[in-house]
file entry_27.cif (mmCIF, C-alpha atoms)
data_my_file
#
loop_
_atom_site.group_PDB
_atom_site.id
_atom_site.type_symbol
_atom_site.label_atom_id
_atom_site.label_comp_id
_atom_site.auth_asym_id
_atom_site.auth_seq_id
_atom_site.Cartn_x
_atom_site.Cartn_y
_atom_site.Cartn_z
ATOM 1 C CA MET A 6 110.938 -0.150 26.913
ATOM 2 C CA SER A 7 110.156 -3.413 25.159
ATOM 3 C CA GLU A 8 108.700 -6.344 27.077
ATOM 4 C CA GLU A 9 111.884 -8.338 26.384
ATOM 5 C CA LYS A 10 114.083 -5.657 27.945
ATOM 6 C CA LYS A 11 111.752 -5.392 30.929
ATOM 7 C CA GLN A 12 112.124 -9.108 31.532
ATOM 8 C CA LYS A 13 115.925 -8.849 31.394
ATOM 9 C CA ASN A 14 115.897 -6.043 33.958
ATOM 10 C CA ILE A 15 113.877 -8.042 36.459
ATOM 11 C CA GLN A 16 116.240 -9.147 39.187
ATOM 12 C CA LYS A 17 116.225 -12.810 40.016
ATOM 13 C CA PRO A 18 115.685 -13.867 43.642
ATOM 14 C CA TYR A 19 118.952 -13.897 45.532
ATOM 15 C CA GLN A 20 120.457 -17.352 45.782
ATOM 16 C CA PRO A 21 123.594 -17.422 47.943
ATOM 17 C CA LYS A 22 126.196 -19.697 46.471
ATOM 18 C CA ILE A 23 127.289 -22.845 48.282
ATOM 19 C CA GLY A 24 130.707 -23.910 47.027
ATOM 20 C CA LEU A 25 131.985 -27.478 47.066
ATOM 21 C CA ALA A 26 135.713 -28.064 46.519
ATOM 22 C CA LEU A 27 136.531 -31.688 45.699
ATOM 23 C CA GLY A 28 140.177 -32.637 46.141
ATOM 24 C CA GLY A 29 142.421 -35.038 44.259
ATOM 25 C CA GLY A 30 143.458 -38.438 45.526
ATOM 26 C CA ILE A 31 143.146 -41.019 42.716
ATOM 27 C CA ALA A 32 141.038 -44.006 43.888
ATOM 28 C CA ARG A 33 140.302 -42.350 47.211
ATOM 29 C CA GLY A 34 138.173 -39.906 45.236
ATOM 30 C CA PHE A 35 135.276 -42.360 45.288
ATOM 31 C CA SER A 36 134.657 -41.051 48.801
ATOM 32 C CA HIS A 37 133.437 -37.831 47.134
ATOM 33 C CA ILE A 38 130.390 -39.791 45.964
ATOM 34 C CA GLY A 39 129.405 -40.601 49.534
ATOM 35 C CA ALA A 40 130.074 -37.040 50.695
ATOM 36 C CA ILE A 41 127.801 -35.561 48.023
ATOM 37 C CA ARG A 42 125.082 -38.101 48.777
ATOM 38 C CA ALA A 43 125.202 -37.205 52.473
ATOM 39 C CA LEU A 44 125.057 -33.455 51.787
ATOM 40 C CA ASN A 45 122.043 -33.914 49.531
ATOM 41 C CA LYS A 46 120.390 -36.106 52.158
ATOM 42 C CA HIS A 47 120.468 -33.132 54.528
ATOM 43 C CA GLY A 48 119.093 -30.744 51.913
ATOM 44 C CA ILE A 49 122.444 -29.203 51.020
ATOM 45 C CA TYR A 50 122.872 -28.781 47.263
ATOM 46 C CA PRO A 51 126.087 -27.016 46.223
ATOM 47 C CA ASN A 52 125.684 -24.637 43.286
ATOM 48 C CA VAL A 53 129.367 -23.917 42.598
ATOM 49 C CA ILE A 54 131.644 -26.934 42.243
ATOM 50 C CA SER A 55 135.382 -26.969 41.664
ATOM 51 C CA GLY A 56 137.320 -30.197 41.362
ATOM 52 C CA THR A 57 140.890 -31.348 41.028
ATOM 53 C CA SER A 58 141.827 -34.661 39.427
ATOM 54 C CA ILE A 59 139.282 -37.303 40.435
ATOM 55 C CA GLY A 60 137.441 -34.515 42.250
ATOM 56 C CA ALA A 61 136.810 -32.983 38.813
ATOM 57 C CA LEU A 62 135.520 -36.317 37.543
ATOM 58 C CA VAL A 63 133.077 -36.753 40.436
ATOM 59 C CA GLY A 64 131.996 -33.105 40.397
ATOM 60 C CA GLY A 65 131.388 -33.191 36.652
ATOM 61 C CA CYS A 66 129.386 -36.404 36.953
ATOM 62 C CA TYR A 67 127.268 -34.894 39.721
ATOM 63 C CA LEU A 68 126.355 -31.747 37.790
ATOM 64 C CA ALA A 69 125.776 -33.757 34.608
ATOM 65 C CA GLY A 70 123.323 -36.043 36.407
ATOM 66 C CA LYS A 71 125.653 -39.029 36.035
ATOM 67 C CA LEU A 72 126.568 -39.663 39.672
ATOM 68 C CA ASP A 73 124.472 -42.847 39.779
ATOM 69 C CA ASP A 74 126.308 -44.156 36.716
ATOM 70 C CA LEU A 75 129.703 -43.348 38.250
ATOM 71 C CA GLU A 76 128.771 -45.069 41.494
ATOM 72 C CA GLU A 77 127.515 -48.155 39.678
ATOM 73 C CA TRP A 78 130.725 -48.329 37.635
ATOM 74 C CA SER A 79 132.957 -47.820 40.684
ATOM 75 C CA LEU A 80 131.196 -50.602 42.581
ATOM 76 C CA SER A 81 131.693 -52.943 39.621
ATOM 77 C CA LEU A 82 135.473 -52.583 39.725
ATOM 78 C CA ASN A 83 137.628 -55.483 40.796
ATOM 79 C CA ARG A 84 141.331 -56.096 40.375
ATOM 80 C CA ARG A 85 140.991 -57.864 37.029
ATOM 81 C CA LYS A 86 138.739 -55.141 35.615
ATOM 82 C CA VAL A 87 141.209 -52.456 36.711
ATOM 83 C CA PHE A 88 143.982 -54.383 34.957
ATOM 84 C CA SER A 89 141.891 -54.363 31.759
ATOM 85 C CA TYR A 90 142.222 -50.573 31.585
ATOM 86 C CA LEU A 91 146.014 -50.712 31.604
ATOM 87 C CA ASP A 92 147.668 -50.052 28.270
ATOM 88 C CA PHE A 93 151.439 -50.277 28.572
ATOM 89 C CA ARG A 94 153.214 -48.563 25.705
ATOM 90 C CA VAL A 95 156.961 -47.939 25.702
ATOM 91 C CA ARG A 96 156.763 -44.699 23.696
ATOM 92 C CA SER A 97 153.701 -43.327 25.445
ATOM 93 C CA ALA A 98 153.841 -40.358 27.815
ATOM 94 C CA GLY A 99 151.896 -42.401 30.385
ATOM 95 C CA LEU A 100 151.422 -45.981 31.532
ATOM 96 C CA ILE A 101 147.746 -45.880 30.619
ATOM 97 C CA GLY A 102 146.935 -44.753 27.105
ATOM 98 C CA GLY A 103 143.487 -43.781 28.287
ATOM 99 C CA LYS A 104 141.591 -44.843 25.153
ATOM 100 C CA LYS A 105 139.383 -47.313 27.013
ATOM 101 C CA LEU A 106 138.509 -44.782 29.718
ATOM 102 C CA THR A 107 137.850 -42.054 27.161
ATOM 103 C CA THR A 108 135.541 -44.372 25.213
ATOM 104 C CA LEU A 109 133.694 -45.159 28.441
ATOM 105 C CA MET A 110 133.305 -41.460 29.248
ATOM 106 C CA GLU A 111 132.056 -40.720 25.735
ATOM 107 C CA HIS A 112 129.374 -43.353 26.208
ATOM 108 C CA TYR A 113 127.970 -41.470 29.208
ATOM 109 C CA PHE A 114 128.691 -37.813 28.344
ATOM 110 C CA GLY A 115 128.683 -37.669 24.554
ATOM 111 C CA ASP A 116 129.505 -34.121 23.415
ATOM 112 C CA MET A 117 128.313 -32.439 26.616
ATOM 113 C CA VAL A 118 129.910 -29.060 27.301
ATOM 114 C CA ILE A 119 130.455 -27.372 30.650
ATOM 115 C CA GLU A 120 128.147 -24.508 29.689
ATOM 116 C CA ASP A 121 125.243 -26.987 29.582
ATOM 117 C CA LEU A 122 125.592 -27.842 33.272
ATOM 118 C CA GLU A 123 123.024 -26.414 35.669
ATOM 119 C CA HIS A 124 125.609 -24.747 37.907
ATOM 120 C CA PRO A 125 129.156 -23.393 37.491
ATOM 121 C CA PHE A 126 131.809 -26.115 37.277
ATOM 122 C CA ILE A 127 135.563 -25.624 37.200
ATOM 123 C CA ALA A 128 138.112 -28.386 36.645
ATOM 124 C CA ILE A 129 141.655 -27.581 37.792
ATOM 125 C CA ALA A 130 144.630 -28.623 35.663
ATOM 126 C CA THR A 131 148.318 -27.726 35.445
ATOM 127 C CA ASP A 132 150.095 -26.333 32.389
ATOM 128 C CA MET A 133 152.966 -28.789 31.887
ATOM 129 C CA VAL A 134 155.226 -26.136 30.303
ATOM 130 C CA THR A 135 154.669 -23.102 32.548
ATOM 131 C CA GLY A 136 153.420 -24.751 35.742
ATOM 132 C CA HIS A 137 150.473 -22.366 35.761
ATOM 133 C CA GLU A 138 147.189 -23.304 37.412
ATOM 134 C CA VAL A 139 144.543 -23.647 34.693
ATOM 135 C CA TRP A 140 140.814 -23.251 35.343
ATOM 136 C CA LEU A 141 138.705 -25.143 32.817
ATOM 137 C CA ARG A 142 135.283 -23.483 32.855
ATOM 138 C CA ARG A 143 134.071 -23.859 29.288
ATOM 139 C CA GLY A 144 134.148 -26.352 26.463
ATOM 140 C CA ASN A 145 133.967 -30.114 26.248
ATOM 141 C CA LEU A 146 133.318 -31.681 29.657
ATOM 142 C CA ILE A 147 135.310 -34.850 28.970
ATOM 143 C CA ASP A 148 138.369 -32.875 27.875
ATOM 144 C CA ALA A 149 138.214 -30.787 31.049
ATOM 145 C CA MET A 150 137.985 -33.829 33.310
ATOM 146 C CA ARG A 151 140.745 -35.683 31.445
ATOM 147 C CA GLY A 152 143.034 -32.667 31.645
ATOM 148 C CA SER A 153 142.435 -32.439 35.379
ATOM 149 C CA PHE A 154 143.210 -36.098 36.169
ATOM 150 C CA ALA A 155 146.164 -36.548 33.767
ATOM 151 C CA LEU A 156 148.438 -37.917 36.486
ATOM 152 C CA PRO A 157 152.082 -37.621 35.326
ATOM 153 C CA GLY A 158 153.553 -40.984 34.416
ATOM 154 C CA VAL A 159 150.166 -42.692 34.507
ATOM 155 C CA PHE A 160 148.053 -40.780 31.968
ATOM 156 C CA PRO A 161 149.529 -38.843 29.058
ATOM 157 C CA PRO A 162 149.148 -35.040 29.053
ATOM 158 C CA VAL A 163 146.017 -33.676 27.394
ATOM 159 C CA ALA A 164 146.473 -31.166 24.571
ATOM 160 C CA LEU A 165 143.816 -28.489 25.059
ATOM 161 C CA ASN A 166 143.606 -24.779 24.210
ATOM 162 C CA HIS A 167 147.220 -24.692 22.982
ATOM 163 C CA ARG A 168 148.503 -26.151 26.255
ATOM 164 C CA TYR A 169 149.633 -29.546 27.489
ATOM 165 C CA LEU A 170 147.656 -30.197 30.654
ATOM 166 C CA ILE A 171 148.517 -32.513 33.532
ATOM 167 C CA ASP A 172 146.973 -33.271 36.927
ATOM 168 C CA GLY A 173 145.694 -30.202 38.755
ATOM 169 C CA ALA A 174 146.755 -31.687 42.101
ATOM 170 C CA LEU A 175 150.283 -30.489 41.351
ATOM 171 C CA VAL A 176 149.193 -26.883 41.913
ATOM 172 C CA ASN A 177 145.850 -26.892 43.769
ATOM 173 C CA PRO A 178 144.931 -30.232 45.372
ATOM 174 C CA VAL A 179 141.754 -28.922 47.068
ATOM 175 C CA PRO A 180 140.496 -25.931 45.024
ATOM 176 C CA VAL A 181 138.810 -23.866 47.730
ATOM 177 C CA SER A 182 140.184 -20.643 46.236
ATOM 178 C CA VAL A 183 138.246 -21.294 43.032
ATOM 179 C CA CYS A 184 134.868 -21.501 44.783
ATOM 180 C CA GLN A 185 135.645 -18.320 46.669
ATOM 181 C CA ALA A 186 136.663 -16.523 43.476
ATOM 182 C CA LEU A 187 133.339 -17.438 41.906
ATOM 183 C CA GLY A 188 131.392 -15.856 44.730
ATOM 184 C CA ALA A 189 130.624 -18.744 47.069
ATOM 185 C CA ARG A 190 129.331 -17.415 50.397
ATOM 186 C CA ILE A 191 130.263 -20.691 52.084
ATOM 187 C CA THR A 192 132.704 -23.323 50.847
ATOM 188 C CA ILE A 193 132.791 -26.965 51.895
ATOM 189 C CA ALA A 194 136.060 -28.738 51.090
ATOM 190 C CA VAL A 195 136.444 -32.501 50.873
ATOM 191 C CA ASP A 196 140.142 -33.148 51.448
ATOM 192 C CA LEU A 197 141.389 -36.634 50.546
ATOM 193 C CA ASN A 198 144.855 -35.910 51.958
ATOM 194 C CA GLY A 199 143.747 -35.051 55.482
ATOM 195 C CA ASP A 200 144.355 -38.493 56.955
ATOM 196 C CA MET A 201 147.757 -39.699 58.126
ATOM 197 C CA ILE A 202 150.246 -40.492 55.361
ATOM 198 C CA GLY A 203 151.601 -44.025 55.562
ATOM 199 C CA LYS A 204 148.541 -45.690 57.078
ATOM 200 C CA SER A 205 148.193 -47.769 53.922
ATOM 201 C CA ALA A 206 151.419 -49.635 54.703
ATOM 202 C CA LYS A 207 150.891 -53.335 55.301
ATOM 203 C CA PRO A 208 151.773 -54.766 58.721
ATOM 204 C CA GLY A 209 155.509 -55.366 58.927
ATOM 205 C CA GLN A 210 156.326 -52.944 56.091
ATOM 206 C CA ASN A 211 157.748 -49.456 56.447
ATOM 207 C CA PHE A 212 156.424 -48.093 53.138
ATOM 208 C CA GLN A 213 152.991 -47.362 51.715
ATOM 209 C CA THR A 214 151.148 -49.993 49.711
ATOM 210 C CA VAL A 215 149.659 -47.804 47.005
ATOM 211 C CA ALA A 216 147.785 -50.587 45.207
ATOM 212 C CA GLY A 217 147.090 -52.785 48.197
ATOM 213 C CA PHE A 218 148.885 -55.720 46.626
ATOM 214 C CA ASP A 219 152.203 -56.857 45.179
ATOM 215 C CA VAL A 220 151.884 -57.517 41.446
ATOM 216 C CA PHE A 221 154.399 -60.374 41.395
ATOM 217 C CA ASN A 222 153.174 -62.163 44.497
ATOM 218 C CA ASP A 223 151.000 -65.189 43.735
ATOM 219 C CA GLN A 224 149.145 -64.668 47.014
ATOM 220 C CA ASP A 225 148.105 -61.160 45.923
ATOM 221 C CA VAL A 226 147.654 -61.530 42.174
ATOM 222 C CA ASP A 227 146.603 -64.592 40.212
ATOM 223 C CA PRO A 228 149.441 -65.822 37.932
ATOM 224 C CA GLU A 229 147.091 -65.424 34.966
ATOM 225 C CA ASP A 230 146.609 -61.741 35.779
ATOM 226 C CA GLN A 231 150.362 -61.273 36.196
ATOM 227 C CA LYS A 232 150.791 -61.896 32.463
ATOM 228 C CA LYS A 233 149.662 -58.310 31.910
ATOM 229 C CA PHE A 234 152.912 -57.217 33.597
ATOM 230 C CA LYS A 235 155.346 -59.589 31.889
ATOM 231 C CA GLY A 236 156.834 -56.976 29.538
ATOM 232 C CA ALA A 237 160.256 -55.496 30.271
ATOM 233 C CA LEU A 238 158.850 -52.043 31.052
ATOM 234 C CA SER A 239 156.148 -53.218 33.419
ATOM 235 C CA ARG A 240 158.526 -55.585 35.207
ATOM 236 C CA ARG A 241 160.938 -52.700 35.839
ATOM 237 C CA LEU A 242 158.127 -50.561 37.209
ATOM 238 C CA PHE A 243 156.403 -53.089 39.430
ATOM 239 C CA ARG A 244 159.178 -55.489 40.460
ATOM 240 C CA ARG A 245 160.529 -54.721 43.921
ATOM 241 C CA GLU A 246 163.073 -55.940 46.412
ATOM 242 C CA VAL A 247 161.820 -58.000 49.331
ATOM 243 C CA ASP A 248 162.187 -55.148 51.816
ATOM 244 C CA GLY A 249 161.460 -52.152 49.607
ATOM 245 C CA PRO A 250 158.829 -50.575 47.360
ATOM 246 C CA SER A 251 158.667 -50.771 43.574
ATOM 247 C CA MET A 252 159.596 -47.882 41.286
ATOM 248 C CA PHE A 253 155.920 -47.254 40.618
ATOM 249 C CA GLY A 254 155.159 -47.362 44.337
ATOM 250 C CA VAL A 255 157.851 -44.747 45.017
ATOM 251 C CA MET A 256 156.439 -42.502 42.279
ATOM 252 C CA ILE A 257 152.852 -42.633 43.552
ATOM 253 C CA SER A 258 153.859 -42.337 47.210
ATOM 254 C CA SER A 259 155.944 -39.277 46.369
ATOM 255 C CA LEU A 260 152.939 -37.697 44.688
ATOM 256 C CA ASN A 261 150.923 -38.362 47.839
ATOM 257 C CA ILE A 262 153.507 -36.500 49.919
ATOM 258 C CA ILE A 263 153.518 -33.559 47.503
ATOM 259 C CA GLN A 264 149.729 -33.351 47.595
ATOM 260 C CA ASP A 265 149.652 -33.539 51.375
ATOM 261 C CA ARG A 266 152.204 -30.765 51.880
ATOM 262 C CA LEU A 267 150.780 -28.561 49.145
ATOM 263 C CA THR A 268 147.241 -29.038 50.486
ATOM 264 C CA ARG A 269 148.314 -27.830 53.925
ATOM 265 C CA SER A 270 149.988 -24.782 52.411
ATOM 266 C CA ARG A 271 147.124 -23.828 50.097
ATOM 267 C CA LEU A 272 144.428 -24.309 52.729
ATOM 268 C CA ALA A 273 146.385 -22.236 55.245
ATOM 269 C CA GLY A 274 146.078 -19.303 52.864
ATOM 270 C CA ASP A 275 142.575 -20.085 51.578
ATOM 271 C CA PRO A 276 140.851 -22.026 54.361
ATOM 272 C CA PRO A 277 137.424 -23.508 53.651
ATOM 273 C CA ASP A 278 134.491 -22.679 55.892
ATOM 274 C CA ILE A 279 133.950 -26.396 56.402
ATOM 275 C CA HIS A 280 136.845 -28.855 56.121
ATOM 276 C CA ILE A 281 135.763 -32.475 55.543
ATOM 277 C CA LYS A 282 138.542 -35.065 55.921
ATOM 278 C CA PRO A 283 137.459 -38.676 55.328
ATOM 279 C CA ASN A 284 139.429 -41.266 57.292
ATOM 280 C CA ILE A 285 140.783 -43.094 54.252
ATOM 281 C CA GLY A 286 144.557 -43.037 54.783
ATOM 282 C CA HIS A 287 144.525 -46.819 55.303
ATOM 283 C CA ILE A 288 143.367 -47.304 51.701
ATOM 284 C CA GLY A 289 146.034 -47.186 48.990
ATOM 285 C CA LEU A 290 145.829 -44.522 46.302
ATOM 286 C CA LEU A 291 145.250 -47.178 43.637
ATOM 287 C CA GLU A 292 142.884 -49.503 45.479
ATOM 288 C CA PHE A 293 140.005 -48.860 43.099
ATOM 289 C CA GLU A 294 138.276 -52.097 44.057
ATOM 290 C CA ARG A 295 137.501 -50.667 47.523
ATOM 291 C CA ALA A 296 134.929 -48.217 46.193
ATOM 292 C CA GLU A 297 132.149 -49.372 48.512
ATOM 293 C CA GLU A 298 134.273 -48.681 51.592
ATOM 294 C CA LEU A 299 135.451 -45.341 50.223
ATOM 295 C CA ILE A 300 131.904 -44.179 49.444
ATOM 296 C CA ALA A 301 130.797 -45.157 52.932
ATOM 297 C CA GLU A 302 133.694 -43.261 54.526
ATOM 298 C CA GLY A 303 132.877 -40.172 52.486
ATOM 299 C CA ALA A 304 129.284 -40.209 53.705
ATOM 300 C CA LEU A 305 130.375 -40.829 57.285
ATOM 301 C CA SER A 306 132.767 -37.868 57.216
ATOM 302 C CA VAL A 307 129.871 -35.558 56.329
ATOM 303 C CA GLU A 308 127.554 -37.069 58.934
ATOM 304 C CA LYS A 309 130.190 -36.474 61.620
ATOM 305 C CA ASN A 310 130.358 -32.800 60.658
ATOM 306 C CA ILE A 311 126.731 -32.118 59.747
ATOM 307 C CA ASP A 312 125.996 -30.060 62.880
ATOM 308 C CA GLU A 313 129.008 -27.863 62.160
ATOM 309 C CA ILE A 314 127.984 -27.532 58.509
ATOM 310 C CA LYS A 315 124.439 -26.451 59.391
ATOM 311 C CA ALA A 316 125.691 -24.021 62.047
ATOM 312 C CA ALA A 317 128.065 -22.450 59.515
ATOM 313 C CA MET A 318 125.263 -22.128 56.993
ATOM 314 C CA ASP A 319 123.097 -20.362 59.564
ATOM 315 C CA VAL A 320 125.849 -17.810 60.137
ATOM 316 C CA LEU A 321 127.312 -17.367 56.667
ATOM 317 C CA LEU A 322 124.320 -17.619 54.358
ATOM 318 C CA PRO A 323 122.163 -14.502 54.459
ATOM 319 C CA ARG A 324 118.459 -14.998 55.015
ATOM 320 C CA ILE A 325 116.435 -13.082 52.448
ATOM 321 C CA PRO A 326 112.627 -12.748 52.834
ATOM 322 C CA ASP A 327 110.681 -14.627 50.195
ATOM 323 C CA ASP A 328 109.184 -11.415 48.810
ATOM 324 C CA ASP A 329 112.549 -9.643 48.631
ATOM 325 C CA GLN A 330 114.849 -9.634 45.631
ATOM 326 C CA GLY A 331 118.431 -8.717 45.210
ATOM 327 C CA ILE A 332 121.573 -9.340 43.282
ATOM 328 C CA GLU A 333 124.689 -11.251 44.222
#

call {"tool": "encode", "arguments": {"input": "entry_27.cif", "output": "structure tokens"}}
result
Amino acid sequence: MSEEKKQKNIQKPYQPKIGLALGGGIARGFSHIGAIRALNKHGIYPNVISGTSIGALVGGCYLAGKLDDLEEWSLSLNRRKVFSYLDFRVRSAGLIGGKKLTTLMEHYFGDMVIEDLEHPFIAIATDMVTGHEVWLRRGNLIDAMRGSFALPGVFPPVALNHRYLIDGALVNPVPVSVCQALGARITIAVDLNGDMIGKSAKPGQNFQTVAGFDVFNDQDVDPEDQKKFKGALSRRLFRREVDGPSMFGVMISSLNIIQDRLTRSRLAGDPPDIHIKPNIGHIGLLEFERAEELIAEGALSVEKNIDEIKAAMDVLLPRIPDDDQGIE
């Protein structure tokens, strides 16, 4: 037997897989950054990561070594900067063309492919035609993340592998099942829909405030910034009656309800070993400028559960002697 074949037959030391399932939740996904930081602080380094929507973005950044860059960018966001990413086009399949965000992602990731990442990464998307759940495990990392967070009505579908892909939260909001399918011996889920729906409503209102502000209220948005929304399409979407939500608010709130109900159903059938639920229901789904608070809440949610996490690891992760070898 050649030396090369001998080397291939040598079994690598057994490394039990720790899965991390990062759920969707638009701006609330910044709390994933804090959760990952807290896990790493306690010596817990997941080696299988699945992500849906913004969970795919954060998970991909983490494995690509770009989590610091994502955190720095998120903390730089303010209302005016968020507005700068909007690209209203009447004939577009989404409110945001996505060119500015794609250019930004290309600056950080270049032509990086999923196969180059240190550990397995799976972004969850939905086939717009069939409704099938799509696992993106290979190919261009940016394409996979974009396909996973292509929120219907906000971002246009992503054409990839002969499919039109939209947000994976429509089929698997917290992809625990994916980590389990890839052999994770313990799976930690960070669920952005675990807090009470409706907490983001402002005092005196009986509907959720998805953006945290009213576009056409001078107290909430500077008149200069409102010019971005002066077109007929944007006025239809964001204008609202005094006692009711806007069309856009109804659309996003409805998505929140779908994600919440679907998350409960999916996790009942595929429960995680550890279920992390940051208390972020008071923050609107589009309040991107509250990244600092979201990151802090994500870290706090892990710290509150760290004893349970470590106890579960003691039970579920097999202890293999240093001089022993095995296969998964």

call {"tool": "closest_atom_pairs", "arguments": {"input": "entry_27.cif", "of": "segment 256-315 of chain A", "to": "segment 57-71 of chain A", "cutoff": "12 Å", "atoms": "all atoms listed in the file", "output": "tab-separated table"}}
result
residue	atom	partner	partner_atom	distance
A:Gln264	CA	A:Thr57	CA	11.2
A:Thr268	CA	A:Thr57	CA	11.6
A:Leu290	CA	A:Ile59	CA	11.4
A:Leu291	CA	A:Ile59	CA	12.0
A:Phe293	CA	A:Ile59	CA	11.9
A:Ile300	CA	A:Val63	CA	11.7

call {"tool": "residues_near_point", "arguments": {"input": "entry_27.cif", "point": "(129.1, -32.7, 48.6)", "cutoff": "8 Å", "atoms": "only C-alpha atoms", "output": "number ranges by chain"}}
result
A: 25, 37-45, 49-51, 193, 195

call {"tool": "closest_residue", "arguments": {"input": "entry_27.cif", "among": "A:Val181, A:Met133, A:Val87, A:Ala164", "to": "Val53 of chain A", "atoms": "only C-alpha atoms"}}
result
A:Val181

call {"tool": "closest_residue", "arguments": {"input": "entry_27.cif", "among": "A:Ser258, A:Thr192, A:Ser89, A:Asn310", "to": "Ala206 of chain A", "atoms": "all atoms listed in the file"}}
result
A:Ser258

call {"tool": "atom_distance", "arguments": {"input": "entry_27.cif", "atom1": "atom CA of Asn198 of chain A", "atom2": "atom CA of Leu156 of chain A"}}
result
16.0 Å

call {"tool": "resolve_selection", "arguments": {"input": "entry_27.cif", "expression": "the PyMOL selection byres ((chain A and resi 269-279) around 10)", "output": "VMD selection string"}}
result
chain A and resid 24 to 26 176 to 185 190 to 196 198 to 199 264 to 268 280 to 282 310 to 311 313 to 315 317 to 318 321

call {"tool": "atom_distance", "arguments": {"input": "entry_27.cif", "atom1": "atom CA of Thr107 of chain A", "atom2": "atom CA of Val139 of chain A"}}
result
21.0 Å

call {"tool": "residues_around", "arguments": {"input": "entry_27.cif", "residues": "Val163 of chain A", "least_positions_apart": "2", "cutoff": "6 Å", "atoms": "only C-alpha atoms", "output": "VMD selection string"}}
result
chain A and resid 152 169 to 170

call {"tool": "axis_aligned_box", "arguments": {"input": "entry_27.cif", "around": "segment 282-290 of chain A", "padding_each_side": "4 Å", "output": "AutoDock Vina command-line options"}}
result
--center_x 141.7 --center_y -41.2 --center_z 51.8 --size_x 16.6 --size_y 20.2 --size_z 19.0

call {"tool": "residues_around", "arguments": {"input": "entry_27.cif", "residues": "Leu82 of chain A", "least_positions_apart": "3", "cutoff": "9 Å", "atoms": "all atoms listed in the file", "output": "ChimeraX atom specification"}}
result
/A:78-79,85-87,293-296

call {"tool": "resolve_selection", "arguments": {"input": "entry_27.cif", "expression": "the PyMOL selection byres ((chain A and resi 222) around 12)", "output": "list of chain:residue names"}}
result
A:Gly217, A:Phe218, A:Asp219, A:Val220, A:Phe221, A:Asp223, A:Gln224, A:Asp225, A:Val226, A:Asp227, A:Pro228, A:Glu229, A:Asp230, A:Gln231, A:Phe234, A:Phe243, A:Arg244, A:Arg245, A:Glu246, A:Val247

call {"tool": "atom_distance", "arguments": {"input": "entry_27.cif", "atom1": "atom CA of Asp132 of chain A", "atom2": "atom CA of Met150 of chain A"}}
result
14.3 Å

call {"tool": "resolve_selection", "arguments": {"input": "entry_27.cif", "expression": "the PyMOL selection byres ((chain A and resi 203) around 12)", "output": "list of chain:residue names"}}
result
A:Asn198, A:Gly199, A:Asp200, A:Met201, A:Ile202, A:Lys204, A:Ser205, A:Ala206, A:Lys207, A:Pro208, A:Gln210, A:Asn211, A:Phe212, A:Gln213, A:Thr214, A:Val215, A:Ser258, A:Ser259, A:Asn261, A:Ile262, A:Asp265, A:Ile285, A:Gly286, A:His287, A:Ile288, A:Gly289, A:Leu290

call {"tool": "residues_around", "arguments": {"input": "entry_27.cif", "residues": "Thr108 of chain A", "least_positions_apart": "6", "cutoff": "12 Å", "atoms": "all atoms listed in the file", "output": "list in words"}}
result
Tyr90, Gly102, Phe114, Gly115, Ile147 and Arg151 of chain A

call {"tool": "residues_around", "arguments": {"input": "entry_27.cif", "residues": "Arg142 of chain A", "least_positions_apart": "4", "cutoff": "8 Å", "atoms": "only C-alpha atoms", "output": "list in words"}}
result
Ile119, Glu120, Pro125, Phe126, Ile127 and Ala128 of chain A

call {"tool": "closest_residue", "arguments": {"input": "entry_27.cif", "among": "A:Leu322, A:Leu27, A:Ala189, A:Ile129", "to": "Leu141 of chain A", "atoms": "only C-alpha atoms"}}
result
A:Ile129

call {"tool": "closest_residue", "arguments": {"input": "entry_27.cif", "among": "A:Gly48, A:Gly144, A:Pro157, A:Gly28", "to": "Ile257 of chain A", "atoms": "all atoms listed in the file"}}
result
A:Pro157
